[in-house]
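Note sheet for the following structure.
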Amino acid sequence: MKTALITGITGQDGAYLAELLLSKGYLVHGIKRRASLFNTDRIDHLYQDPHVDHPKLILHYGDMTDSMNLTRIIQETQPDEIYNLAAMSHVKVSFDTPEYTANADGIGTLRILEAVRLLGLEGKTRIYQASTSELYGLVQQVPQSETTPFYPRSPYAVAKLYAYWITVNYREAYNMFACNGILFNHESPLRGETFVTRKITRAVAKIVLGLQQDLFVGNLDARRDWGHAKDYVEAMWRILQQDVAEDYVIATGVTTSVRDFIKMSFAHVGLNLVFHGNGLNEVGVLESMDSDTLMKKVGNSDLPEGLKLGDTLVKVDPRYFRPTEVELLIGDPAKAHSKLGWKPKYQLEGLVEEMMDSDVKLFQRDIHLISAGHKVLKQVE
Ligand code: NDP
Ligand code: GDR
């Protein structure tokens, strides 16, 4: 039985990866930050009572900013594979917390590599580093591949640039099996609520159920290569199963604008949105509807009370703009196709479908709670 250690196990990718590794028979250790709430929603279905004999999933308190803690956990768990997924992962927030982001995302990676080296585990432990398409930043060439020059555009991306190169350096200097997966954006129903795709699918679900009136977003022109997290954790695992440690781009090769993602999400529940105007004055207006789709997806063929054709449902708010933006990402996954035998199973339509259906279900539950007299959190990003 192989042993894996996942940092960031409570995040989107950590949850899918833990599920994948458990299904492959691994003993999985995960590092979780102490929080004032449990914060294990994404992995609760995998939870095992630590009092049972030989649990397959074991959580440890830890933090990427605490070297001694990380070293001790690695010493105790003696992992065959470490997946370093923990990070302050929000690009916009990294402009507010640049020093912390550098510490957790940049130096945090060094802490893991150095712990493995100091413990003499170079020959045993393979390391996966969660690198990112944000490294490409300002467009140099498209599609972006393993040989495209980097030009990071945020404190997050600069911290991840350090993490990328320190991983390469430890591989070359100490002959460690350490690899970067340069993953393009990947989403799912488990995606954090403040990333744009999930923000959109949550808002559309709430609008169609009459729980929210409109959606405010930032740059509608930004284009991303969006895949499904389930496909991407499979690639992480394959990267560590190779004979030779190398870096790989993981992407779908298809790019879509934020504007089109919004349209697709509304269309999924039978609402046809058109955009008018430009810049700060651009708006998304409800032009027409398809009652049959609405019935099928929401269980009601009419629009909710207060919503009518011609209403403005999407507006631009400059608070969501970034001081420096990444306008266009489109990955070239040719190396992953040929060397890892990896290809995504999901296309964007399937991803939107899964996220929308999940969020409609989530907020239908809220409606039941509200009608039973319970208070429901009204948080909108
Ligand atoms: P999430 O934001 O969903 O999860 C991040 C995880 O890191 C959470 O478990 C979080 O814990 C943990 N974490 C954050 N800071 C610390 C810290 N100081 N110490 C310990 N744990 C910490 O990210 P994703 O799952 O989406 O992404 C996983 C990794 O992949 C990240 O490194 C991200 O930067 C990178 N990446 C993501 C891509 C994507 O599109 N999703 C694309 C390319 C790279 P908590 O739950 O307590 O907040
Ligand atoms: P990104 O993801 O920055 O690519 O980083 P995010 O979903 O936050 O933004 C994607 C694009 O959408 C534009 N945008 C908005 N973004 C947010 N969050 N909220 C808005 O209202 C909004 N309106 C427009 C953004 O400007 C941007 O261009 C994600 C993270 O998971 C990183 O950790 C990871 O490394 C990269 O993907 C690959």
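FYI, nothing fancy with the structure tokens labels: chains A, B, ... in order, residues from 1 per chain, ligands from 1 as they appear.
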
Inset, instruction - Name the residues, by chain letter and number, that sit within 7 Å of ligand 1 using only C-alpha atoms and all ligand atoms, and give them as a PyMOL selection string. - result: chain A and resi 7-14+31-33+35+39+62-65+85-90+104+130-133+182-187+191-192

Please write the residues from the selection above to a file, keeping N, CA and C atoms, as a tab-separated table (two decimals), in the first residue's frame.
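The result, stored in result.tsv:
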```
chain	number	residue	atom	x	y	z
A	7	THR	N	-1.12	18.26	1.01
A	7	THR	CA	-1.33	19.56	1.67
A	7	THR	C	-2.51	20.21	0.94
A	8	GLY	N	-3.34	20.95	1.67
A	8	GLY	CA	-4.52	21.57	1.03
A	8	GLY	C	-5.62	20.57	0.79
A	9	ILE	N	-5.74	19.57	1.67
A	9	ILE	CA	-6.74	18.50	1.44
A	9	ILE	C	-8.18	19.02	1.58
A	10	THR	N	-8.36	20.14	2.30
A	10	THR	CA	-9.73	20.66	2.45
A	10	THR	C	-10.18	21.50	1.26
A	11	GLY	N	-9.29	21.72	0.28
A	11	GLY	CA	-9.64	22.52	-0.89
A	11	GLY	C	-10.31	21.69	-1.97
A	12	GLN	N	-10.65	22.36	-3.07
A	12	GLN	CA	-11.32	21.66	-4.19
A	12	GLN	C	-10.50	20.47	-4.69
A	13	ASP	N	-9.24	20.73	-5.04
A	13	ASP	CA	-8.43	19.66	-5.63
A	13	ASP	C	-8.06	18.60	-4.59
A	14	GLY	N	-7.80	19.05	-3.37
A	14	GLY	CA	-7.45	18.12	-2.30
A	14	GLY	C	-8.55	17.08	-2.11
A	31	ILE	N	-3.09	17.45	5.34
A	31	ILE	CA	-2.79	18.54	6.28
A	31	ILE	C	-3.92	19.56	6.21
A	32	LYS	N	-4.42	19.88	7.40
A	32	LYS	CA	-5.56	20.78	7.52
A	32	LYS	C	-5.18	21.89	8.49
A	33	ARG	N	-5.55	23.14	8.11
A	33	ARG	CA	-5.28	24.26	9.02
A	33	ARG	C	-6.29	24.26	10.15
A	35	ALA	N	-9.04	25.89	12.11
A	35	ALA	CA	-9.98	26.99	11.87
A	35	ALA	C	-11.00	26.96	13.00
A	39	ASN	N	-14.56	23.03	8.83
A	39	ASN	CA	-14.02	23.31	7.50
A	39	ASN	C	-13.59	22.05	6.75
A	62	GLY	N	-1.80	21.48	10.47
A	62	GLY	CA	-0.53	22.01	9.98
A	62	GLY	C	-0.72	23.29	9.21
A	63	ASP	N	0.40	23.87	8.82
A	63	ASP	CA	0.33	25.13	8.08
A	63	ASP	C	1.58	25.26	7.23
A	64	MET	N	1.39	25.80	6.02
A	64	MET	CA	2.52	25.94	5.10
A	64	MET	C	3.55	26.96	5.59
A	65	THR	N	3.19	27.74	6.60
A	65	THR	CA	4.13	28.74	7.11
A	65	THR	C	4.93	28.21	8.31
A	85	LEU	N	-0.63	20.93	-2.57
A	85	LEU	CA	-1.75	21.70	-3.14
A	85	LEU	C	-2.10	22.92	-2.29
A	86	ALA	N	-1.58	23.00	-1.08
A	86	ALA	CA	-1.98	24.11	-0.20
A	86	ALA	C	-1.46	25.43	-0.75
A	87	ALA	N	-2.33	26.42	-0.76
A	87	ALA	CA	-1.91	27.76	-1.18
A	87	ALA	C	-3.00	28.77	-0.90
A	88	MET	N	-2.59	30.02	-0.76
A	88	MET	CA	-3.55	31.12	-0.83
A	88	MET	C	-3.78	31.25	-2.33
A	89	SER	N	-4.91	30.75	-2.81
A	89	SER	CA	-5.04	30.48	-4.25
A	89	SER	C	-5.85	31.53	-5.00
A	90	HIS	N	-6.27	32.60	-4.32
A	90	HIS	CA	-7.10	33.59	-5.01
A	90	HIS	C	-6.25	34.75	-5.54
A	104	ALA	N	3.26	31.53	2.14
A	104	ALA	CA	2.57	30.24	2.07
A	104	ALA	C	2.81	29.54	0.72
A	130	ALA	N	1.84	22.10	-7.20
A	130	ALA	CA	0.68	22.66	-7.91
A	130	ALA	C	1.05	23.99	-8.56
A	131	SER	N	1.65	23.89	-9.73
A	131	SER	CA	1.96	25.11	-10.49
A	131	SER	C	0.75	25.50	-11.33
A	132	THR	N	0.85	26.65	-11.98
A	132	THR	CA	-0.37	27.26	-12.51
A	132	THR	C	-0.16	27.99	-13.83
A	133	SER	N	-1.20	28.05	-14.62
A	133	SER	CA	-1.17	28.81	-15.87
A	133	SER	C	-1.02	30.31	-15.61
A	182	ILE	N	1.64	22.19	-14.48
A	182	ILE	CA	1.21	23.58	-14.78
A	182	ILE	C	-0.25	23.49	-15.22
A	183	LEU	N	-1.12	23.59	-14.22
A	183	LEU	CA	-2.54	23.34	-14.49
A	183	LEU	C	-3.27	24.63	-14.84
A	184	PHE	N	-4.04	24.56	-15.91
A	184	PHE	CA	-4.92	25.66	-16.27
A	184	PHE	C	-6.17	25.57	-15.39
A	185	ASN	N	-6.99	26.63	-15.44
A	185	ASN	CA	-8.14	26.70	-14.52
A	185	ASN	C	-8.98	25.43	-14.57
A	186	HIS	N	-9.32	24.93	-13.39
A	186	HIS	CA	-10.22	23.78	-13.36
A	186	HIS	C	-11.23	23.98	-12.24
A	187	GLU	N	-12.44	23.59	-12.54
A	187	GLU	CA	-13.61	23.98	-11.75
A	187	GLU	C	-14.42	22.74	-11.43
A	191	ARG	N	-15.87	24.00	-6.34
A	191	ARG	CA	-15.02	25.18	-6.51
A	191	ARG	C	-15.36	26.23	-5.45
A	192	GLY	N	-14.33	26.92	-4.95
A	192	GLY	CA	-14.56	28.00	-4.00
A	192	GLY	C	-15.54	29.02	-4.57
```

Inset, instruction - Write out as number ranges by chain the residues lying within 7 Å of Thr3 (chain A), counting only C-alpha atoms and excluding same-chain residues fewer than 3 positions away. - result: A: 26-28, 79-81

Inset, instruction - Give as a ChimeraX atom specification the residues surrounding ligand 2 up to a distance of 7 Å, considering only C-alpha atoms and all ligand atoms. - result: /A:89-92,132-134,183-185,194-197,199,216-220,222-224,258,320-322,325-327

With C-alpha atoms retained, could you export that selection as a PDB file, in the first residue's frame?
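selection-v2.pdb written:
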```pdb
ATOM      1  CA  SER A  89      -5.037  30.478  -4.247  1.00  0.00           C
ATOM      2  CA  HIS A  90      -7.102  33.593  -5.012  1.00  0.00           C
ATOM      3  CA  VAL A  91      -5.355  35.891  -7.502  1.00  0.00           C
ATOM      4  CA  LYS A  92      -7.307  39.045  -6.566  1.00  0.00           C
ATOM      5  CA  THR A 132      -0.369  27.263 -12.511  1.00  0.00           C
ATOM      6  CA  SER A 133      -1.171  28.811 -15.870  1.00  0.00           C
ATOM      7  CA  GLU A 134      -1.036  32.166 -14.032  1.00  0.00           C
ATOM      8  CA  LEU A 183      -2.536  23.342 -14.494  1.00  0.00           C
ATOM      9  CA  PHE A 184      -4.917  25.662 -16.272  1.00  0.00           C
ATOM     10  CA  ASN A 185      -8.140  26.703 -14.518  1.00  0.00           C
ATOM     11  CA  THR A 194     -15.430  33.501  -5.034  1.00  0.00           C
ATOM     12  CA  PHE A 195     -13.815  32.157  -8.210  1.00  0.00           C
ATOM     13  CA  VAL A 196     -15.645  33.444 -11.247  1.00  0.00           C
ATOM     14  CA  THR A 197     -17.254  30.203 -12.525  1.00  0.00           C
ATOM     15  CA  LYS A 199     -19.737  32.817  -8.465  1.00  0.00           C
ATOM     16  CA  PHE A 216     -21.971  41.893 -10.485  1.00  0.00           C
ATOM     17  CA  VAL A 217     -18.739  40.871 -12.183  1.00  0.00           C
ATOM     18  CA  GLY A 218     -15.405  42.341 -13.282  1.00  0.00           C
ATOM     19  CA  ASN A 219     -13.626  41.765 -16.583  1.00  0.00           C
ATOM     20  CA  LEU A 220     -16.092  40.094 -18.975  1.00  0.00           C
ATOM     21  CA  ALA A 222     -11.031  37.637 -19.758  1.00  0.00           C
ATOM     22  CA  ARG A 223     -10.642  34.251 -21.452  1.00  0.00           C
ATOM     23  CA  ARG A 224      -9.773  31.053 -19.616  1.00  0.00           C
ATOM     24  CA  VAL A 258     -16.248  35.102 -18.831  1.00  0.00           C
ATOM     25  CA  TYR A 320     -13.639  43.007  -9.244  1.00  0.00           C
ATOM     26  CA  PHE A 321     -10.972  44.343 -11.622  1.00  0.00           C
ATOM     27  CA  ARG A 322      -7.371  43.416 -10.851  1.00  0.00           C
ATOM     28  CA  GLU A 325      -4.938  41.249 -15.376  1.00  0.00           C
ATOM     29  CA  VAL A 326      -4.272  38.008 -17.223  1.00  0.00           C
ATOM     30  CA  GLU A 327      -6.389  38.391 -20.359  1.00  0.00           C
TER      31      GLU A 327
END
```

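Nearest residue to Lys230 (chain A) among A:Leu37, A:Val139, A:Ala4, A:Leu351 is A:Leu351, counting only C-alpha atoms.
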
Inset, instruction - Identify which of the residues A:Ile330, A:Leu240, A:Val208, A:Leu348 lies closest to Gly299 (chain A), counting only C-alpha atoms when measuring atom-to-atom distances. - result: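 Closest to Gly299 (chain A), using only C-alpha atoms: A:Val208.
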
Inset, instruction - Grab the CA of Pro304 (chain A) to CA of Phe261 (chain A) distance for me, in Å with one decimal place. - result: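 Distance reported for this atom pair: 22.4 Å.
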
Inset, instruction - Pick out the closest residue to Asp357 (chain A) from this set: A:Met236, A:Val93, A:Val298, A:Leu21. Count only C-alpha atoms. - result: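 Closest residue, counting only C-alpha atoms: A:Val298.
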
Legend entry - Best match for closeness to Val380 (chain A) among A:Val249, A:Met68, A:Ile207, A:Leu309, counting only C-alpha atoms: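 Going through A:Val249, A:Met68, A:Ile207, A:Leu309 one by one, the smallest distance to Val380 (chain A) is for A:Ile207.
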
Legend entry - Shell of 9 Å around Tyr128 (chain A), only C-alpha atoms, local chain residues under 5 positions omitted, as a list in words: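 Residues near the query, excluding close chain neighbours: Glu81, Ile82, Tyr83, Asn84, Leu85, Thr167, Phe177, Ala178, Cys179, Asn180, Gly181, Met236, Trp237, Ile239 and Leu240 of chain A.
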